Structure formats: C-alpha cells, structure tokens
There are 2 protein chains.
Amino acid sequence: MVSIKDIAKLADVSVSTVSRVLNDQEHVSIEKRTRVLRAIKQTGYVPNRAARDMVSKRTGTIGVVMPETFNMFQRQLFSSVAHHLEQFSYYTSFYFASADVQGERACLNRLKGDRLDGIILLHEIMLGEFQTYLEENAIPTVLATFKGKEWAATSITISEEDAAQTAVNHLIALGHRDIGFIGGEKYGFASARLDGYKRALEGAGIAFDEQRLVRAQSYTMEGGAQATRSLLDRRVPCTALFAITDELALGAMRALSDRGLSVPGDMSIVGFDNIELASYSNPRLTTVSQPIPEMGQMAVALLYSLLSGSSGTPLSISLPTTFIERESTARLR
Amino acid sequence: MVSIKDIAKLADVSVSTVSRVLNDQEHVSIEKRTRVLRAIKQTGYVPNRAARDMVSKRTGTIGVVMPETFNMFQRQLFSSVAHHLEQFSYYTSFYFASADVQGERACLNRLKGDRLDGIILLHEIMLGEFQTYLEENAIPTVLATFKGKEWAATSITISEEDAAQTAVNHLIALGHRDIGFIGGEKYGFASARLDGYKRALEGAGIAFDEQRLVRAQSYTMEGGAQATRSLLDRRVPCTALFAITDELALGAMRALSDRGLSVPGDMSIVGFDNIELASYSNPRLTTVSQPIPEMGQMAVALLYSLLSGSSGTPLSISLPTTFIERESTARLR
DNA sequence: ACAGACAATGAGAACGTTTCCAGAATTCAC
DNA sequence: GTGAATTCTGGAAACGTTCTCATTGTCTGT
C-alpha cells in the first residue's frame, strides 16, 4: 500500500509538504504542489483514514442510526438525510439496530469504537445507556421523529397527537362514530397517536371503547392485516378505521378485502405518514402527510449547527403536517 | 478519552498485557486478566478503532454497496445481507451510491480510504474504475444480483432471462398475444428480462413489436405509471403487460385504474421480484419470486469463504426463481 | 544596506494500538 | 538437582498521518 512517504519520495519533497497539499493548506509553492499532485495521481494514492483519524483525534464522521427493519417512512426519511449529508464534508456511517435491547446495545458498542463527531437518531432508542454515552461524551446529537423524555437533545418532530386528532376528526365529520384503532407497541409515537384518537372521540362526545382498539405485533402490512382480522373477529361494529401507520392501513385494506369488505364502501380507512405507496394503492389512501424531506433536511441542518459549535438550550423543532384526503374514506351512508 | 495506557496504569500492568486481554490472547494470568477487565469496566473503555486498524493493516470491515435510492427489492435484499453479516465478527460499512457516474466515483473514493477487507455489491456498478480498484487490491468481492461482463468475481444471480420468459409464457398460455413490455434503462437485468420476453414471444410465434415496448425513466411506481400512460397513448392494442419490476407493475396498475381500465378484467399484469407489497396490492400481483433471503445469505456465505482464503476460480451461483400466480392475470376472454 | 515580516520547507514528536523480542518465573522430564 | 521447555510479562518499535517548531529564503520599507 502506497503511503504518504512514498509520495514524498516520489515528488522529492518532505512528508509535511505532502500533508499540506493533501489538506489544501497554504504555504506550498505551485511547483511542489503540482509535483505532489502528479505523484498522487500516478500512484493512485489515497490517505489512510485510520492513521488520519488517530492523530487528528476526530473521525470527521457522523453516524446515522436506524432500525434494522426500517419501514417505508423511515426509508424515505433515511434517503433525505443521506442526501443532505452528502453536501458537507463529513463521512457518514450508518448503523442498523435491531429493535430490541440487545440490538441497541450491539449498535451502541459499534458506535463507541468509531468515535463519532455527531449523530442522528432516526428512531426512538429504548436503551438508556445510549443517551448516557452520548451525553457523557458530549457528542452532538439530533433526534429525528421523537423526543427524549428526559433527554435535552436537539430534536425534530411533528405534533403527533394533533395530527392524529385531525385524522380522526375527519372520519367523525364524515358521520362515523364507530371508529376502530389500529395501533402498535413500544414507541412514543404510538401512544401519542392513540392520545390524539381519544381526544378526537372525546371532542365529539363519543365514548372510548377498548374493544375497538387493537395493537399490531409489528409495523408492517402483515402486522396491520393480522390486527385487523382480530378486530373483525371481535364483532364489534366499526364503520371506519384509523391506523397509526400507512403500512398498517395498507395491511388492513388487504384484510378487509379478503373478508369481502370494500373500502371505503363498507369501511373507511385513514392512515398516517403518507409514504409514497399511499398514492399508489387501490383505493388511494387518505392519510396524514409528514414532511419527510424537510425533516431530513432539518435534522442535517441542526446537526451541522451543533457541529459548528452552536450552543445554548437545544432546539426542539416541530414541523407541520398536512391531512390528505384521498379515496379510502367516505361519508357514512 | 481513556486509552489503553490508562487501563494499564489503573490495573498496574503493562500495555502489552492489556492488549492481550483485549484480544483474547493467552499468556495472561487469571489474576491480571481480572484486574484489567475490572479497569475496563470501571472506565467504560473502548479500544480506538482507528489506532487498531492502523497498526494491524486491516480494518476488519466489510463494505456493502447499494444504490442511494434503493427499491423495495433491494431493501429486502439489504435486510437479509445485514442480518447474516451480524453473525460473524467483522464490522460492516454501508455505502450508498447515487446511480450515476459521479455518484459511483464518490462512493469509490470513500471506499478506498476505508481499506475494506471485503465487499458485497448489491447492484450493478457501471464505473470501470470500481472493478479495477477491487481487482488491483485483490479485495474479496461478491456481486449480488448481477455478473460483471469481464469481471471474474464471485457472483450470485438468478437466470433473469428464463424467469422472464416463464412469466411471459404464462400470459401467452392465458391466451394473450398483445403483450406490452414495461422495461427500464441501463442495467443488465433490464435487457436480460427483455430478452426473456422476446424469446417467449418468439416461442409462440408472436412477432416482436417495438411499439409495445416502453422504458420507464426510473424503477419506481411513478416511473411505471408514466411509462404505462405513454404506452396507452400510443393506442396499440394490449391485453396484457409484463413489467420487469414489481414496482413498475404497481405503478402500471395505478395508471390503468386511473384510465378506467380494470386489472385483470381489461388488462393482465405480471411483475418481477415478488416484493412484500406484491401480495398486499389490490388485486394481488402475479409475479416472479426471487429468493431474496437466500440471495443475501449466499452472498454473505460466499464472502466469508473468500475471506477465509478460499481460492480457485470464483464461483458463479445462480439461484432458482418461482413463478407465483395471483390475481392480476386472467384468461383472455 | 538592513531590519523586520512573512512565505516555504522539512525534521521530528505525537496519536493509540499491536506485535516482536527478550527476560523472568515457573513447570517439566530425567 | 539440573537443564530444557513453557508460561508470563513488559519494553519498545512500528503503523501513516498531522502538527508544532525551527530554519531558510524572499520580499518590503526605510
């Protein structure tokens, strides 16, 4: 492997000079600079990142953490983040954590060895040690799509509860009163969206009924389908469904269709996220649109400002959502 | 930052001894070993990877390259690869290359600095320099979903052409003769699937008609919808469509539905890939199933054997596909 | 012509680890 | 008991960079 010394020898200059050229520093004559550049080109030399990192005490790397089995919303968010990250001169490392304690711990351990300069978390982390590590080492952190309960980190979110309430209100406005809820496990957004659902019912004077609530095992279409089947099996009358995720909603549509129920004829459905697929399903899905590209952009911008040394109380930014009416909801006949 | 020296001091042993403990080597007394381990635990010490990599001349890292805007098939493949990669003790770095020459070059440059021990490519790379670099540096490489033309690397593929032919044959068997083709740009699999389509027509004595061929701008649902619209606008009669990707097929279904055509009543559709979504669409999509989990597993296994020093002519493995009939195809009335 | 400022350059320390080597301590075979 | 083999241990070199510092050379203003 060709090293900086080889380049120095080949260009007949000192190692220091090569380093200066490499890092675009001044105090190098045009003549030597071109000689060095020629040698680099000739040998195909690329600086050894490990060596560079070691001496400079920083890796120039920012980490992006996401679930190993990310859903389509997270996939789109990831795209946006990755795209904006390319703009500026940091390396990016991606970490995929399986959604359990061991998975998060394994992820954390990988992280630690990498000595990141900054980090963006694209999903809620359950493991307390994660927060501890980041705080103790004062690693600039941006939380996207969630806030830490007692974690005073920069975050970018939407008002989950309000958005969910709006979605359910739409169903109510269409005359529905028996509205099922397809939720999920664990995460903060799941309970926030449930709260929004409850608030909407309350606002309309509809009693909340535990029987109309079902939690999917996983945030997948399969999870949504299963949950819907078990809801239907309970035989509590429902004319509409609110699913806290588009993928759950799509799974629900599949399950309904399998039971010979039509959407929105027999059942209206509202989703949440507005993933790309929502406008390609049949029928198109009425949903709450999250500003995914902006969330990614903001997350990157916020991290950048942290890395540039901005201080003070961490910003906690909430972006607006939009309710999108498509074809999966209809007025109750 | 706490370093190995701090641990040595704290445990009152030499740096060498700490290093031995760290790397699970023998020749350390139980007593000192426990002292070292205690010190590590106490301080939360994690070895600096950069330093470690530098001296050991290897990074213990394997790289996974995929397109920045990966489609659902690639997403599932990625999952499988990531999952199997976790089993063994290499670090994994993910690289996302935007699908153009600059993107691939940028990706390559990032790669180079990282001095990978091995690499898995999850999509066809156009940039020749990529191959050159990997070959010149003798980096163990596995190509997944494609083969290099003149690249004698280990690869794992399916027989694209045969599978496509089978898919189109199915349409023919249902009585269809006017079969549109929704293809795409650039990649080898696109032309292989086109060849399969042509061969099926030929086998049935149906003349290939350029007018029934359309290429999507991108391998997305939007791309499929657009392509389908332009095909419909040509007003060449078609009773069936073969899309070389499930996502294109789903976009096509959307476009047809928008024009008031029903699937499979007015038009049969066959896709390719069998992404998760294919069994959740409405109607469910008839398609060619790729053995995605196995492909990922194989790719990892093959890389592992390369890293373990297996040599000889690189293996080129082709996995079988399955044709899956669902609801998007029907007999021509 | 001379001091002072500044540009160009290279020598060498430092970063945190692994690994080679040699010495000390212990065990083993007779 | 003796010598040989083996285990344990620490010192120090090496890895490929960056960065500080000192030296030399070239201007500039008087």
# chains A, B, ... in the order shown; residues from 1 in each chain; ligands from 1

call {"tool": "interface_residues", "arguments": {"of": "chain B", "to": "chain D", "cutoff": "10 Å", "atoms": "only C-alpha atoms (C1' of nucleotides)", "output": "number ranges by chain"}}
result
B: 13-17, 26-29, 51-57

call {"tool": "residues_around", "arguments": {"residues": "stretch 275-277 of chain A", "least_positions_apart": "5", "cutoff": "8 Å", "atoms": "only C-alpha atoms (C1' of nucleotides)", "output": "list of chain:residue names"}}
result
A:Met72, A:Phe73, A:Gln76, A:Asp246, A:Ser289

call {"tool": "select_by_dssp", "arguments": {"residues": "stretch 60-165 of chain A", "states": "helix (DSSP H, G or I)", "output": "ChimeraX atom specification"}}
result
/A:72-85,101-114,128-136,160-165

call {"tool": "closest_residue", "arguments": {"among": "A:Arg105, A:Arg20, A:Lys9, A:Arg115", "to": "chain B", "atoms": "only C-alpha atoms"}}
result
A:Arg115

call {"tool": "closest_atom_pairs", "arguments": {"of": "chain C", "to": "chain A", "cutoff": "10 Å", "atoms": "only C-alpha atoms (C1' of nucleotides)", "output": "CSV"}}
result
residue,atom,partner,partner_atom,distance
C:DA7,C1',A:His27,CA,6.3
C:DA8,C1',A:His27,CA,5.7
C:DT9,C1',A:Thr17,CA,7.3
C:DG10,C1',A:Ser14,CA,5.8
C:DA11,C1',A:Ser14,CA,9.1
C:DA14,C1',A:Val55,CA,7.5
C:DC15,C1',A:Val55,CA,4.4
C:DG16,C1',A:Met54,CA,7.3
C:DT17,C1',A:Met54,CA,9.8
